[in-house]
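A.B. asks: structure_2.cif is reproduced below (mmCIF, C-alpha atoms and all ligand atoms).
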data_target
loop_
_atom_site.group_PDB
_atom_site.id
_atom_site.type_symbol
_atom_site.label_atom_id
_atom_site.label_comp_id
_atom_site.auth_asym_id
_atom_site.auth_seq_id
_atom_site.Cartn_x
_atom_site.Cartn_y
_atom_site.Cartn_z
ATOM 1 C CA MET A 267 123.338 38.561 195.595
ATOM 2 C CA ASP A 268 122.381 41.976 196.937
ATOM 3 C CA TYR A 269 124.771 43.985 199.071
ATOM 4 C CA VAL A 270 124.432 46.387 201.947
ATOM 5 C CA GLU A 271 126.754 49.354 201.525
ATOM 6 C CA ILE A 272 127.977 50.681 204.855
ATOM 7 C CA GLN A 273 130.910 52.940 205.613
ATOM 8 C CA GLY A 274 132.394 52.223 202.188
ATOM 9 C CA GLU A 275 132.155 48.431 202.592
ATOM 10 C CA LYS A 276 129.954 46.085 200.555
ATOM 11 C CA VAL A 277 128.462 43.322 202.683
ATOM 12 C CA PRO A 278 126.479 40.410 201.195
ATOM 13 C CA ALA A 279 122.926 41.081 202.389
ATOM 14 C CA LEU A 280 122.365 37.395 203.130
ATOM 15 C CA GLY A 281 124.635 35.327 205.351
ATOM 16 C CA ILE A 282 124.485 31.895 206.924
ATOM 17 C CA GLY A 283 123.937 31.754 210.688
ATOM 18 C CA THR A 284 125.629 28.963 212.632
ATOM 19 C CA TRP A 285 124.249 29.087 216.180
ATOM 20 C CA GLN A 286 123.549 25.562 217.478
ATOM 21 C CA LEU A 287 125.490 23.982 214.630
ATOM 22 C CA LYS A 288 128.304 21.827 215.943
ATOM 23 C CA GLY A 289 130.941 19.414 214.614
ATOM 24 C CA GLU A 290 130.376 17.717 211.283
ATOM 25 C CA GLU A 291 126.921 19.289 210.839
ATOM 26 C CA CYS A 292 128.396 22.775 211.093
ATOM 27 C CA GLU A 293 131.229 22.005 208.690
ATOM 28 C CA GLU A 294 128.841 20.493 206.144
ATOM 29 C CA THR A 295 126.392 23.397 206.448
ATOM 30 C CA VAL A 296 129.031 26.068 205.857
ATOM 31 C CA LYS A 297 130.552 24.046 202.989
ATOM 32 C CA THR A 298 127.137 23.657 201.346
ATOM 33 C CA ALA A 299 126.322 27.330 201.847
ATOM 34 C CA LEU A 300 129.588 28.407 200.186
ATOM 35 C CA GLU A 301 128.953 26.011 197.287
ATOM 36 C CA LYS A 302 125.473 27.505 196.809
ATOM 37 C CA GLY A 303 126.872 31.043 196.649
ATOM 38 C CA TYR A 304 126.738 32.403 200.205
ATOM 39 C CA ARG A 305 129.659 34.741 200.931
ATOM 40 C CA HIS A 306 128.791 35.841 204.463
ATOM 41 C CA VAL A 307 129.210 33.602 207.519
ATOM 42 C CA ASP A 308 128.205 34.397 211.102
ATOM 43 C CA THR A 309 129.749 32.626 214.085
ATOM 44 C CA ALA A 310 130.676 33.458 217.698
ATOM 45 C CA GLN A 311 133.088 32.298 220.366
ATOM 46 C CA ILE A 312 130.192 30.915 222.425
ATOM 47 C CA TYR A 313 128.846 28.819 219.528
ATOM 48 C CA ASP A 314 131.840 26.513 219.980
ATOM 49 C CA ASN A 315 132.053 25.962 216.223
ATOM 50 C CA GLU A 316 134.699 28.406 214.999
ATOM 51 C CA GLU A 317 136.987 25.474 214.246
ATOM 52 C CA GLN A 318 134.391 23.854 211.976
ATOM 53 C CA VAL A 319 133.571 27.164 210.289
ATOM 54 C CA GLY A 320 137.296 27.696 209.668
ATOM 55 C CA GLN A 321 137.723 24.175 208.290
ATOM 56 C CA ALA A 322 134.778 24.563 205.928
ATOM 57 C CA ILE A 323 136.143 27.853 204.588
ATOM 58 C CA SER A 324 139.619 26.434 204.240
ATOM 59 C CA ASP A 325 138.324 23.319 202.389
ATOM 60 C CA SER A 326 136.113 25.334 200.045
ATOM 61 C CA ASP A 327 137.075 26.643 196.611
ATOM 62 C CA VAL A 328 136.150 30.155 197.689
ATOM 63 C CA SER A 329 139.044 32.397 198.590
ATOM 64 C CA ARG A 330 139.057 33.966 202.024
ATOM 65 C CA ASP A 331 138.891 37.514 200.695
ATOM 66 C CA GLU A 332 135.567 36.783 198.974
ATOM 67 C CA ILE A 333 133.912 35.920 202.304
ATOM 68 C CA TRP A 334 132.513 38.300 204.903
ATOM 69 C CA LEU A 335 133.314 36.553 208.194
ATOM 70 C CA THR A 336 131.876 37.694 211.517
ATOM 71 C CA THR A 337 132.623 36.423 215.002
ATOM 72 C CA LYS A 338 131.638 37.692 218.450
ATOM 73 C CA VAL A 339 133.451 38.115 221.733
ATOM 74 C CA TRP A 340 131.650 36.316 224.539
ATOM 75 C CA THR A 341 130.788 38.037 227.858
ATOM 76 C CA SER A 342 133.485 36.181 229.819
ATOM 77 C CA ASN A 343 136.132 37.747 227.554
ATOM 78 C CA PHE A 344 135.159 41.425 227.824
ATOM 79 C CA GLU A 345 138.238 42.531 229.810
ATOM 80 C CA HIS A 346 140.989 44.070 227.692
ATOM 81 C CA ASP A 347 143.510 41.208 227.820
ATOM 82 C CA SER A 348 140.819 38.563 227.403
ATOM 83 C CA VAL A 349 139.544 40.262 224.264
ATOM 84 C CA ILE A 350 143.031 40.113 222.743
ATOM 85 C CA LYS A 351 143.740 36.558 223.851
ATOM 86 C CA SER A 352 140.336 35.146 222.919
ATOM 87 C CA VAL A 353 140.250 36.787 219.485
ATOM 88 C CA ASN A 354 143.706 35.413 218.732
ATOM 89 C CA GLU A 355 142.337 31.978 219.622
ATOM 90 C CA SER A 356 139.278 32.595 217.442
ATOM 91 C CA LEU A 357 141.499 33.499 214.486
ATOM 92 C CA GLU A 358 143.533 30.339 214.964
ATOM 93 C CA LYS A 359 140.365 28.215 215.032
ATOM 94 C CA LEU A 360 138.976 30.053 212.017
ATOM 95 C CA GLN A 361 142.291 29.469 210.170
ATOM 96 C CA THR A 362 142.501 33.086 209.125
ATOM 97 C CA HIS A 363 144.577 36.179 209.883
ATOM 98 C CA TYR A 364 141.555 38.462 210.198
ATOM 99 C CA VAL A 365 137.810 38.677 210.602
ATOM 100 C CA ASP A 366 135.743 41.192 208.674
ATOM 101 C CA LEU A 367 133.639 41.999 211.690
ATOM 102 C CA LEU A 368 134.109 41.490 215.424
ATOM 103 C CA LEU A 369 131.116 42.056 217.706
ATOM 104 C CA ILE A 370 130.519 42.498 221.408
ATOM 105 C CA HIS A 371 127.975 39.671 221.761
ATOM 106 C CA TRP A 372 125.868 41.259 224.554
ATOM 107 C CA PRO A 373 126.021 44.602 226.336
ATOM 108 C CA SER A 374 127.790 44.141 229.660
ATOM 109 C CA GLU A 375 126.709 45.586 232.978
ATOM 110 C CA GLU A 376 130.043 44.758 234.617
ATOM 111 C CA ILE A 377 132.792 45.672 232.171
ATOM 112 C CA PRO A 378 132.491 49.192 230.734
ATOM 113 C CA PHE A 379 131.965 49.195 226.952
ATOM 114 C CA GLU A 380 135.024 51.403 226.671
ATOM 115 C CA GLU A 381 137.420 48.708 227.891
ATOM 116 C CA THR A 382 136.126 46.096 225.434
ATOM 117 C CA ILE A 383 135.886 48.516 222.531
ATOM 118 C CA LYS A 384 139.416 49.865 223.056
ATOM 119 C CA ALA A 385 140.772 46.312 222.972
ATOM 120 C CA MET A 386 138.784 45.599 219.800
ATOM 121 C CA GLU A 387 140.165 48.778 218.245
ATOM 122 C CA SER A 388 143.707 47.670 218.958
ATOM 123 C CA LEU A 389 142.913 44.515 216.961
ATOM 124 C CA VAL A 390 141.853 46.753 214.080
ATOM 125 C CA GLU A 391 145.211 48.534 214.382
ATOM 126 C CA SER A 392 147.046 45.198 214.201
ATOM 127 C CA GLY A 393 145.057 44.147 211.119
ATOM 128 C CA GLN A 394 143.330 41.191 212.814
ATOM 129 C CA VAL A 395 139.898 42.784 212.672
ATOM 130 C CA ARG A 396 138.541 44.903 209.822
ATOM 131 C CA ASN A 397 135.434 46.346 211.498
ATOM 132 C CA ILE A 398 133.975 46.397 214.987
ATOM 133 C CA GLY A 399 130.362 46.121 216.013
ATOM 134 C CA ILE A 400 127.873 45.383 218.760
ATOM 135 C CA SER A 401 125.010 42.985 219.265
ATOM 136 C CA ASN A 402 121.819 43.153 221.299
ATOM 137 C CA PHE A 403 122.367 46.835 222.114
ATOM 138 C CA THR A 404 119.431 49.194 222.683
ATOM 139 C CA THR A 405 119.485 52.577 220.923
ATOM 140 C CA GLU A 406 120.737 54.191 224.130
ATOM 141 C CA GLN A 407 123.543 51.657 224.403
ATOM 142 C CA MET A 408 124.352 52.228 220.713
ATOM 143 C CA GLU A 409 124.928 55.913 221.497
ATOM 144 C CA LYS A 410 127.107 55.081 224.499
ATOM 145 C CA ALA A 411 129.188 52.605 222.499
ATOM 146 C CA GLN A 412 129.798 55.135 219.723
ATOM 147 C CA GLU A 413 130.734 57.836 222.266
ATOM 148 C CA VAL A 414 133.593 55.760 223.683
ATOM 149 C CA ALA A 415 134.751 54.364 220.336
ATOM 150 C CA SER A 416 137.271 56.197 218.208
ATOM 151 C CA LYS A 417 136.304 54.150 215.147
ATOM 152 C CA ASP A 418 132.850 53.945 213.592
ATOM 153 C CA ILE A 419 130.722 51.103 214.923
ATOM 154 C CA PHE A 420 129.769 49.049 211.887
ATOM 155 C CA THR A 421 126.671 47.115 212.937
ATOM 156 C CA ASN A 422 124.212 46.330 215.671
ATOM 157 C CA GLN A 423 123.198 42.676 215.299
ATOM 158 C CA VAL A 424 119.729 42.258 216.794
ATOM 159 C CA GLU A 425 116.737 39.962 216.572
ATOM 160 C CA TYR A 426 114.599 41.119 213.650
ATOM 161 C CA HIS A 427 111.837 39.360 211.726
ATOM 162 C CA PRO A 428 108.244 40.049 210.611
ATOM 163 C CA PHE A 429 106.911 39.565 214.153
ATOM 164 C CA LEU A 430 109.180 42.084 215.871
ATOM 165 C CA ASN A 431 109.325 45.850 215.521
ATOM 166 C CA GLN A 432 112.871 47.189 215.328
ATOM 167 C CA ASP A 433 112.040 50.641 213.921
ATOM 168 C CA ALA A 434 114.013 52.501 216.612
ATOM 169 C CA VAL A 435 117.206 50.480 216.132
ATOM 170 C CA LEU A 436 116.865 50.636 212.366
ATOM 171 C CA GLU A 437 116.401 54.388 212.386
ATOM 172 C CA LYS A 438 119.476 54.779 214.577
ATOM 173 C CA CYS A 439 121.481 52.513 212.260
ATOM 174 C CA ARG A 440 120.515 54.563 209.211
ATOM 175 C CA GLU A 441 121.324 57.808 211.003
ATOM 176 C CA LYS A 442 124.809 56.496 211.826
ATOM 177 C CA ASP A 443 125.533 54.691 208.539
ATOM 178 C CA MET A 444 125.459 51.372 210.408
ATOM 179 C CA MET A 445 124.147 48.007 209.268
ATOM 180 C CA LEU A 446 121.327 46.303 211.124
ATOM 181 C CA THR A 447 122.158 42.594 211.004
ATOM 182 C CA ALA A 448 118.917 40.686 211.495
ATOM 183 C CA TYR A 449 119.338 37.555 213.604
ATOM 184 C CA SER A 450 116.613 34.931 213.975
ATOM 185 C CA PRO A 451 115.219 36.400 210.726
ATOM 186 C CA LEU A 452 112.825 33.456 210.377
ATOM 187 C CA ALA A 453 111.626 33.832 213.965
ATOM 188 C CA ARG A 454 113.335 30.471 214.533
ATOM 189 C CA GLY A 455 111.136 28.854 211.890
ATOM 190 C CA GLU A 456 107.854 30.371 213.190
ATOM 191 C CA VAL A 457 107.324 32.374 209.977
ATOM 192 C CA MET A 458 106.242 29.118 208.354
ATOM 193 C CA GLY A 459 102.463 28.817 208.346
ATOM 194 C CA ASN A 460 101.786 32.519 208.877
ATOM 195 C CA LYS A 461 98.725 33.365 206.786
ATOM 196 C CA VAL A 462 99.831 36.802 205.550
ATOM 197 C CA LEU A 463 103.283 35.580 204.555
ATOM 198 C CA LYS A 464 101.827 32.460 202.935
ATOM 199 C CA GLU A 465 99.398 34.443 200.780
ATOM 200 C CA ILE A 466 102.191 36.681 199.517
ATOM 201 C CA ALA A 467 104.520 33.704 199.073
ATOM 202 C CA ASP A 468 101.997 31.853 196.893
ATOM 203 C CA LYS A 469 101.874 34.767 194.441
ATOM 204 C CA TYR A 470 105.595 34.409 193.752
ATOM 205 C CA ASP A 471 105.802 30.628 194.112
ATOM 206 C CA LYS A 472 108.013 31.155 197.139
ATOM 207 C CA SER A 473 107.823 30.065 200.795
ATOM 208 C CA GLU A 474 106.991 32.121 203.898
ATOM 209 C CA ALA A 475 110.689 31.962 204.836
ATOM 210 C CA GLN A 476 111.730 33.404 201.488
ATOM 211 C CA VAL A 477 109.202 36.227 201.794
ATOM 212 C CA ALA A 478 110.397 37.047 205.325
ATOM 213 C CA LEU A 479 114.016 37.208 204.139
ATOM 214 C CA ARG A 480 113.097 39.260 201.080
ATOM 215 C CA TRP A 481 111.152 41.683 203.288
ATOM 216 C CA LEU A 482 114.248 42.111 205.476
ATOM 217 C CA ILE A 483 116.843 42.602 202.773
ATOM 218 C CA GLN A 484 114.598 44.975 200.839
ATOM 219 C CA GLN A 485 115.010 47.392 203.759
ATOM 220 C CA GLU A 486 117.878 49.851 203.522
ATOM 221 C CA ASN A 487 120.868 49.011 205.773
ATOM 222 C CA VAL A 488 119.531 45.540 206.643
ATOM 223 C CA ALA A 489 121.357 42.218 206.231
ATOM 224 C CA ALA A 490 119.932 38.864 207.378
ATOM 225 C CA ILE A 491 121.670 35.742 208.654
ATOM 226 C CA PRO A 492 119.225 32.817 208.701
ATOM 227 C CA LYS A 493 120.447 29.548 210.113
ATOM 228 C CA ALA A 494 119.593 26.513 208.009
ATOM 229 C CA SER A 495 121.095 23.068 208.245
ATOM 230 C CA THR A 496 118.753 21.302 205.825
ATOM 231 C CA GLU A 497 120.241 21.480 202.314
ATOM 232 C CA ASN A 498 116.906 22.448 200.847
ATOM 233 C CA HIS A 499 116.539 25.320 203.342
ATOM 234 C CA ILE A 500 120.089 26.567 202.686
ATOM 235 C CA GLU A 501 119.290 26.624 198.979
ATOM 236 C CA GLN A 502 115.802 28.139 199.334
ATOM 237 C CA ASN A 503 117.004 30.960 201.548
ATOM 238 C CA PHE A 504 119.475 31.978 198.857
ATOM 239 C CA GLU A 505 116.743 32.151 196.208
ATOM 240 C CA ILE A 506 115.374 35.532 197.207
ATOM 241 C CA PHE A 507 117.072 37.748 194.656
ATOM 242 C CA ASP A 508 114.682 37.081 191.772
ATOM 243 C CA PHE A 509 111.535 38.776 193.076
ATOM 244 C CA THR A 510 110.581 42.091 194.687
ATOM 245 C CA LEU A 511 107.789 42.726 197.162
ATOM 246 C CA THR A 512 105.470 45.594 196.278
ATOM 247 C CA ASN A 513 105.010 48.518 198.679
ATOM 248 C CA GLU A 514 101.575 47.145 199.520
ATOM 249 C CA GLU A 515 102.975 43.724 200.435
ATOM 250 C CA VAL A 516 105.708 45.348 202.505
ATOM 251 C CA GLU A 517 103.020 47.303 204.385
ATOM 252 C CA GLU A 518 101.012 44.123 205.016
ATOM 253 C CA ILE A 519 104.079 42.459 206.528
ATOM 254 C CA ASN A 520 104.898 45.610 208.519
ATOM 255 C CA GLU A 521 101.542 45.169 210.257
ATOM 256 C CA LEU A 522 102.733 41.831 211.665
ATOM 257 C CA LYS A 523 105.565 43.585 213.521
ATOM 258 C CA ASN A 524 103.042 44.837 216.050
ATOM 259 C CA GLU A 525 102.955 41.344 217.563
ATOM 260 C CA ASN A 526 106.365 42.236 219.014
ATOM 261 C CA ASN A 527 107.398 38.654 219.682
ATOM 262 C CA ARG A 528 110.947 37.994 220.793
ATOM 263 C CA TYR A 529 112.328 34.508 220.536
ATOM 264 C CA VAL A 530 115.601 35.262 222.303
ATOM 265 C CA ASP A 531 115.937 33.923 225.871
ATOM 266 C CA PRO A 532 114.320 36.691 228.006
ATOM 267 C CA ASP A 533 116.968 36.239 230.718
ATOM 268 C CA PHE A 534 119.446 37.643 228.265
ATOM 269 C CA ALA A 535 117.502 40.682 227.169
ATOM 270 C CA PRO A 536 116.174 42.672 230.087
ATOM 271 C CA ASN A 537 115.965 46.287 228.911
ATOM 272 C CA TRP A 538 114.766 46.767 225.379
ATOM 273 C CA ASP A 539 113.607 50.098 223.990
HETATM 274 P P1 LIG B 1 116.404 31.522 212.393
HETATM 275 O O1 LIG B 1 117.470 31.687 211.393
HETATM 276 O O2 LIG B 1 115.312 32.525 212.452
HETATM 277 O O3 LIG B 1 115.685 30.104 212.253
HETATM 278 C C1 LIG B 1 116.376 28.896 212.143
HETATM 279 C C2 LIG B 1 115.327 27.784 212.021
HETATM 280 O O4 LIG B 1 114.577 27.972 210.807
HETATM 281 C C3 LIG B 1 115.944 26.415 211.926
HETATM 282 O O5 LIG B 1 115.100 25.541 212.637
HETATM 283 C C4 LIG B 1 115.900 26.081 210.436
HETATM 284 O O6 LIG B 1 115.772 24.696 210.175
HETATM 285 C C5 LIG B 1 114.637 26.802 210.022
HETATM 286 N N1 LIG B 1 114.690 27.189 208.604
HETATM 287 C C6 LIG B 1 115.732 27.726 207.925
HETATM 288 N N2 LIG B 1 115.419 27.971 206.647
HETATM 289 C C7 LIG B 1 114.137 27.549 206.480
HETATM 290 C C8 LIG B 1 113.268 27.514 205.372
HETATM 291 N N3 LIG B 1 113.629 27.974 204.184
HETATM 292 N N4 LIG B 1 112.018 26.991 205.555
HETATM 293 C C9 LIG B 1 111.630 26.553 206.779
HETATM 294 N N5 LIG B 1 112.415 26.553 207.873
HETATM 295 C C10 LIG B 1 113.669 27.056 207.728
HETATM 296 O O7 LIG B 1 116.996 31.440 213.878
HETATM 297 P P2 LIG B 1 118.409 31.578 214.613
HETATM 298 O O8 LIG B 1 119.275 30.391 214.396
HETATM 299 O O9 LIG B 1 118.065 31.941 216.016
HETATM 300 O O10 LIG B 1 119.105 32.879 213.973
HETATM 301 C C11 LIG B 1 119.962 32.835 212.852
HETATM 302 C C12 LIG B 1 121.392 33.180 213.218
HETATM 303 O O11 LIG B 1 121.472 34.448 213.867
HETATM 304 C C13 LIG B 1 122.030 32.229 214.242
HETATM 305 O O12 LIG B 1 122.383 31.001 213.682
HETATM 306 C C14 LIG B 1 123.204 33.068 214.697
HETATM 307 O O13 LIG B 1 124.250 33.027 213.742
HETATM 308 C C15 LIG B 1 122.566 34.454 214.773
HETATM 309 N N6 LIG B 1 122.075 34.765 216.140
HETATM 310 C C16 LIG B 1 122.722 35.750 216.848
HETATM 311 C C17 LIG B 1 122.309 36.062 218.138
HETATM 312 C C18 LIG B 1 123.031 37.148 218.882
HETATM 313 O O14 LIG B 1 122.867 37.262 220.106
HETATM 314 N N7 LIG B 1 123.819 37.968 218.228
HETATM 315 C C19 LIG B 1 121.228 35.393 218.743
HETATM 316 C C20 LIG B 1 120.570 34.417 217.992
HETATM 317 C C21 LIG B 1 120.999 34.119 216.694
HETATM 318 P P3 LIG B 1 116.983 23.726 209.694
HETATM 319 O O15 LIG B 1 118.190 24.078 210.507
HETATM 320 O O16 LIG B 1 116.437 22.379 209.964
HETATM 321 O O17 LIG B 1 117.233 23.941 208.228
#
Kindly transcribe the structure held in the file into C-alpha cells.
Ligand code: NAP

C.D. replies:
Amino acid sequence: MDYVEIQGEKVPALGIGTWQLKGEECEETVKTALEKGYRHVDTAQIYDNEEQVGQAISDSDVSRDEIWLTTKVWTSNFEHDSVIKSVNESLEKLQTHYVDLLLIHWPSEEIPFEETIKAMESLVESGQVRNIGISNFTTEQMEKAQEVASKDIFTNQVEYHPFLNQDAVLEKCREKDMMLTAYSPLARGEVMGNKVLKEIADKYDKSEAQVALRWLIQQENVAAIPKASTENHIEQNFEIFDFTLTNEEVEEINELKNENNRYVDPDFAPNWD
C-alpha cells in the first residue's frame, strides 16, 4: 500500500468507494475489501449504507484504528445543529466513536460554509471527528472554506480520472498541503476499452482500470476511491502497487484529460473552474 502524507497524517492512497452499494451487497463489499488489504473506506450520509459499512468493519478482523474512515454531511444537514445531530447518528450507524474525515458533501448556496464548518470543528474538539474536509468545491470555494475555518481543511474530494483535467484543484491542494481525493476514478467504468490505457496496460499485464488508478496515485497528494462490488474488481484495483508508469506513459495519459468529461450529474455541479 502507498500512502498520501498530508498535514502529518498518513492516508492509504487507495480506498473503497461505496456509493450505490446498499444492504448485504455493501456489507459484503466492505468485508471483502478489508480482507484483501484495503484500509480506507468512503461512505456518506446520503448513501444510506453507513450501517452496513459499520457492520462490516465491526465484523472484520481489522481493528478500527487501522482504518481510514470517511463520511460526508448531506446538504439537508448543513445547519449547525443538524450537523451535530446527523454526525452523531452517523457514528452510531458506523459503530464507532470517531471518523477520520468528515466532509461537506457539496458546496451550499443557502447555508454559509462558516456555519457548517464551525459545527464540524466543534466535532473535532469533542473527538468525534479527526479531520474536516470538503467535496465538489471549486478552487475559489476552497479558498473561501479555508478563510472561515480555524482548522486546516484536509481534502477536497472531487471527480478525477484520465478523462478529466483537475490541474487547478490539484495545484491548490498541493499549495495548501491538502489531499485531492479522486472520486469516480474509473470514470464509472468508462476507462475500460480506452485504446491508450489498454496499450499501456498490456505492457504490464494489467487492465485499463489498474493503469488509471496507478496514474492517479502516482500523483503527489492524490488518493483514489474506486467503487467495486465484483470480487475480482475489488482485488484487481488493489493490485496497483507492483508497477510504476514511466514519465512518458504518464504524459500520454495526461493528454486524455483534455476530453474533460464529467460523469457526475450536471444538475449538481453548475460552476466549475
Ligand atoms: P468509479 O469508481 O469510477 O466506477 C465504478 C464502476 O467501475 C462500477 O461499475 C464497477 O463495477 C466498475 N469497476 C470497478 N473496478 C473495476 C475494474 N477493475 N475493472 C472494470 N470495471 C471496474 O465510480 P463511482 O462509484 O462514481 O466513484 C467511486 C466512489 O467515489 C463512490 O463509490 C463514492 O464513494 C465516491 N463518490 C463521491 C462523490 C462525491 O460527491 N463526493 C460522487 C461520486 C462518487 P462493479 O461494481 O461491478 O465491480

A.B. asks: Within 6 Å of ligand LIG 1 (chain B), counting all atoms listed in the file: which residues, as a ChimeraX atom specification?

C.D. replies: /A:283-285,308-309,371,401,423,449-455,475,491-496,499,502-503

A.B. asks: What does the distance from CA of Ile398 in chain A to CA of Ile419 in chain A come to in Å, to one decimal?

C.D. replies: 5.7 Å

A.B. asks: Taking all atoms listed in the file into account, which of A:Leu360, A:Ile323, A:Ile400, A:Ile272 comes nearest Arg440 in chain A?

C.D. replies: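 Nearest to Arg440 in chain A: A:Ile272.
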
A.B. asks: Name the residues in contact with Asn498 in chain A at a cut-off of 12 Å, using all atoms listed in the file, excluding same-chain residues fewer than 4 positions from it; report them as a VMD selection string.

C.D. replies: chain A and resid 295 298 to 299 302 473 494 502 to 505

A.B. asks: Identify which of the residues A:Glu290, A:Tyr529, A:Tyr269, A:Leu479 lies closest to Leu511 in chain A, counting only C-alpha atoms when measuring atom-to-atom distances.

C.D. replies: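 Using only C-alpha atoms, Leu511 in chain A sits closest to A:Leu479.
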
A.B. asks: Counting all atoms listed in the file, figure out which residue out of A:Asn354, A:Gln273, A:Thr404, A:Thr447 gets nearest to Thr336 in chain A.

C.D. replies: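 That would be A:Thr447, the residue with the smallest distance to Thr336 in chain A.
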
A.B. asks: Rank A:Arg480, A:Lys359, A:Lys442, A:His346 by their smallest atom-to-atom distance to Asp418 in chain A, using all atoms listed in the file, and report the top residue only.

C.D. replies: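 Comparing A:Arg480, A:Lys359, A:Lys442, A:His346 against Asp418 in chain A, the winner is A:Lys442.
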
A.B. asks: Ranking A:Ile312, A:Val477, A:Val319, A:Val457 by minimum distance to Ile333 in chain A and counting all atoms listed in the file, which one comes first?

C.D. replies: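 Looking at the shortest contact to Ile333 in chain A, the residue is A:Val319.
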
A.B. asks: Given all atoms listed in the file as the basis, pick out the residue of A:Ala310, A:Met408, A:Leu522, A:Ala489 nearest to Glu441 in chain A.

C.D. replies: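 Of the candidates, the smallest distance to Glu441 in chain A is held by A:Met408.
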
A.B. asks: Here's the selection I'm unsure about, the PyMOL selection byres (((chain A and resi 429) around 10) and not hetatm); applied to the file above, which residues does it give, as an mmCIF file with C-alpha atoms, in the coordinates of the input?

C.D. replies:
data_model
loop_
_atom_site.group_PDB
_atom_site.id
_atom_site.type_symbol
_atom_site.label_atom_id
_atom_site.label_comp_id
_atom_site.auth_asym_id
_atom_site.auth_seq_id
_atom_site.Cartn_x
_atom_site.Cartn_y
_atom_site.Cartn_z
ATOM 1 C CA TYR A 426 114.599 41.119 213.650
ATOM 2 C CA HIS A 427 111.837 39.360 211.726
ATOM 3 C CA PRO A 428 108.244 40.049 210.611
ATOM 4 C CA LEU A 430 109.180 42.084 215.871
ATOM 5 C CA ASN A 431 109.325 45.850 215.521
ATOM 6 C CA GLN A 432 112.871 47.189 215.328
ATOM 7 C CA PRO A 451 115.219 36.400 210.726
ATOM 8 C CA LEU A 452 112.825 33.456 210.377
ATOM 9 C CA ALA A 453 111.626 33.832 213.965
ATOM 10 C CA GLU A 456 107.854 30.371 213.190
ATOM 11 C CA VAL A 457 107.324 32.374 209.977
ATOM 12 C CA ALA A 478 110.397 37.047 205.325
ATOM 13 C CA ILE A 519 104.079 42.459 206.528
ATOM 14 C CA ASN A 520 104.898 45.610 208.519
ATOM 15 C CA GLU A 521 101.542 45.169 210.257
ATOM 16 C CA LEU A 522 102.733 41.831 211.665
ATOM 17 C CA LYS A 523 105.565 43.585 213.521
ATOM 18 C CA ASN A 524 103.042 44.837 216.050
ATOM 19 C CA GLU A 525 102.955 41.344 217.563
ATOM 20 C CA ASN A 526 106.365 42.236 219.014
ATOM 21 C CA ASN A 527 107.398 38.654 219.682
ATOM 22 C CA ARG A 528 110.947 37.994 220.793
ATOM 23 C CA TYR A 529 112.328 34.508 220.536
#

A.B. asks: Any idea what the distance is between CA of Lys384 in chain A and CA of Asp533 in chain A?

C.D. replies: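 Answer for the CA of Lys384 in chain A to CA of Asp533 in chain A separation: 27.4 Å.
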
A.B. asks: Any chance you could build range 326-337 of chain A out to N, CA and C atoms and write it as a tab-separated table (two decimals), keeping the file's coordinate frame?

C.D. replies:
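So the final result, stored in result05.tsv, reads:
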chain	number	residue	atom	x	y	z
A	326	SER	N	136.95	24.94	201.19
A	326	SER	CA	136.11	25.33	200.04
A	326	SER	C	136.98	25.91	198.92
A	327	ASP	N	136.36	26.06	197.76
A	327	ASP	CA	137.07	26.64	196.61
A	327	ASP	C	137.01	28.16	196.63
A	328	VAL	N	136.32	28.70	197.63
A	328	VAL	CA	136.15	30.16	197.69
A	328	VAL	C	137.32	30.76	198.46
A	329	SER	N	137.89	31.84	197.88
A	329	SER	CA	139.04	32.40	198.59
A	329	SER	C	138.57	33.25	199.77
A	330	ARG	N	139.41	33.29	200.77
A	330	ARG	CA	139.06	33.97	202.02
A	330	ARG	C	138.58	35.40	201.80
A	331	ASP	N	139.24	36.10	200.85
A	331	ASP	CA	138.89	37.51	200.70
A	331	ASP	C	137.54	37.73	200.00
A	332	GLU	N	136.91	36.64	199.56
A	332	GLU	CA	135.57	36.78	198.97
A	332	GLU	C	134.48	36.59	200.03
A	333	ILE	N	134.90	36.25	201.26
A	333	ILE	CA	133.91	35.92	202.30
A	333	ILE	C	133.89	36.99	203.38
A	334	TRP	N	132.68	37.39	203.77
A	334	TRP	CA	132.51	38.30	204.90
A	334	TRP	C	132.33	37.43	206.15
A	335	LEU	N	133.33	37.45	207.03
A	335	LEU	CA	133.31	36.55	208.19
A	335	LEU	C	133.18	37.36	209.49
A	336	THR	N	132.15	37.00	210.24
A	336	THR	CA	131.88	37.69	211.52
A	336	THR	C	132.03	36.72	212.68
A	337	THR	N	132.70	37.17	213.75
A	337	THR	CA	132.62	36.42	215.00
A	337	THR	C	132.34	37.40	216.13
